[in-house]
Amino acid sequence: MEGLPTTSTTKKKSERRWRSKPLQTSNSKPSLVMAFFSCVAWLYVAGRLWQDAENRTLLSNLHKLNSAQRPKVLSLEDKLTALGCKDLERRIVETEMELTLAKSQGYVKNQLSQSGSSSGQKLLAVIGVYTGFGSRLKRNVFRGSWMPRGDALRKLEERGIIIRFVIGRSANRGDSLDRNIDEENRATKDFLILEGHEEAQEELPKKAKFFFSAAVQNWDAEFYVKVDDNINLDLEGLIGLLDRRRGQDGAYIGCMKSGDVITDEGKQWYEPEWWKFGDEKSYFRHAASSLVILSKNLAQYININSASLKAYAHDDTSIGSWMMGLQATYIDDNLLCCGGVTQDKLCSVA
């Protein structure tokens, strides 16, 4: 009897195990499904990643191909070379250098027609007397005093001295101001008309560049002299002074001075660029504006470099600034100090 329960018990355990197997099989189905879908999802993601990598490779290859076929972006130098402009630019630079050399050696405009005196001898001096449109009466006074006119002016030129009134053109080219000067010049033949210069008070500092350039281009002389329009000259005394210095290169001659730079706008002699003259606000040594004498090589320097020379508020300081960077010999001659005591002076205020 004791063994029956054991058998019964064994049967019950077997039945329970048998009953549990279908339950385990049914529970594993969702896991299999999830695993299947996980594999599909992984394959999908891997496929997309592979496809993206292929697309990137394809796009990269296409970009390289397009870059190789795209026209090259040319630099300015390449464009100039392609257009043949680079060679032209080089030839222009070479021509400018040759022109500068030719000017420095005396091969300048109009030299053959007007240089020298009628005897073929080199001139001693070209004297330019500044004048303006409203100064006809003053010019007539000069013509009747120290400045020769007519035949006397021609005879003076035979001695190697050229004297001309120096004037620019009106702001309104060809107006009555210009026509009056042209008419007066036809009668007197004693003007040097600066075609490129506008005759105006504010343009006065630049007039020196135009005068010395035009004088060098038109006449071959030892000296070039700039004279203000309010100065009387002892002409023979000046000729004697220049004759004694004949052959002296690099001569910068005048009544040398310096002075304070005027910084207050509205005052006489105001210098707009006063800050360039240092903390002491004092001008460098320069010849007074009344009478300035330059030897030929200095006048040639102005002619060659006129486009780049800086003009300040006054012509005398402008000329002085141009001379500072040159091997110029500063000659301070008290005979050329035109103001004050006039005794034993070669010039005086008119």
# chains A, B, ... in the order shown; residues from 1 in each chain; ligands from 1
>>> select_by_dssp(residues="segment 202-340 of chain A", states="helix (DSSP H, G or I)", output="count of residues only")
57
>>> residues_around(residues="Leu235 of chain A", least_positions_apart="3", cutoff="12 Å", atoms="only C-alpha atoms", output="PyMOL selection string")
chain A and resi 125+127+142+145-148+156+161-163+225+227+231-232+238-242+336+345-348
>>> residues_around(residues="segment 200-215 of chain A", least_positions_apart="3", cutoff="6 Å", atoms="only C-alpha atoms", output="list in words")
Asn218, Trp219, Ala299, Asn303, Ser306, Ala311, His314 and Asp315 of chain A
>>> residues_around(residues="His197 of chain A", least_positions_apart="2", cutoff="6 Å", atoms="only C-alpha atoms", output="PyMOL selection string")
chain A and resi 168+194-195
>>> select_by_dssp(residues="segment 116-266 of chain A", states="strand (DSSP E)", output="number ranges by chain")
A: 123-130, 161-169, 191-198, 221-227, 231-233, 251-257
>>> closest_residue(among="A:Val40, A:Ile331, A:Leu192, A:Glu198", to="Leu177 of chain A", atoms="only C-alpha atoms")
A:Glu198
>>> atom_distance(atom1="atom CA of Glu94 of chain A", atom2="atom CA of Gln300 of chain A")
19.9 Å
>>> residues_around(residues="Asp182 of chain A", least_positions_apart="5", cutoff="9 Å", atoms="only C-alpha atoms", output="ChimeraX atom specification")
/A:177,187,191,193
>>> write_last_selection(atoms="all heavy atoms", output="short mmCIF file (atom, residue, chain, number, x, y, z; two decimals), in the first residue's frame")
data_model
loop_
_atom_site.label_atom_id
_atom_site.label_comp_id
_atom_site.auth_asym_id
_atom_site.auth_seq_id
_atom_site.Cartn_x
_atom_site.Cartn_y
_atom_site.Cartn_z
N LEU A 177 39.52 135.74 -70.03
CA LEU A 177 40.82 135.86 -69.34
C LEU A 177 41.92 135.24 -70.19
O LEU A 177 42.99 135.84 -70.37
CB LEU A 177 40.74 135.17 -67.97
CG LEU A 177 39.77 135.77 -66.96
CD1 LEU A 177 39.73 134.93 -65.69
CD2 LEU A 177 40.16 137.21 -66.62
N ALA A 187 51.29 140.43 -78.88
CA ALA A 187 51.84 141.77 -79.05
C ALA A 187 53.23 141.89 -78.43
O ALA A 187 54.12 142.56 -78.99
CB ALA A 187 50.90 142.80 -78.44
N PHE A 191 55.58 135.96 -72.72
CA PHE A 191 54.87 135.09 -71.78
C PHE A 191 55.35 133.65 -71.92
O PHE A 191 55.68 133.19 -73.01
CB PHE A 191 53.36 135.11 -72.04
CG PHE A 191 52.64 136.27 -71.43
CD1 PHE A 191 52.50 137.46 -72.14
CD2 PHE A 191 52.09 136.20 -70.16
CE1 PHE A 191 51.84 138.54 -71.60
CE2 PHE A 191 51.42 137.27 -69.61
CZ PHE A 191 51.30 138.46 -70.33
N ILE A 193 53.25 130.50 -71.02
CA ILE A 193 51.91 130.10 -70.60
C ILE A 193 51.94 128.62 -70.22
O ILE A 193 52.29 127.77 -71.02
CB ILE A 193 50.88 130.35 -71.72
CG1 ILE A 193 50.83 131.85 -72.06
CG2 ILE A 193 49.49 129.86 -71.30
CD1 ILE A 193 49.93 132.20 -73.24
#
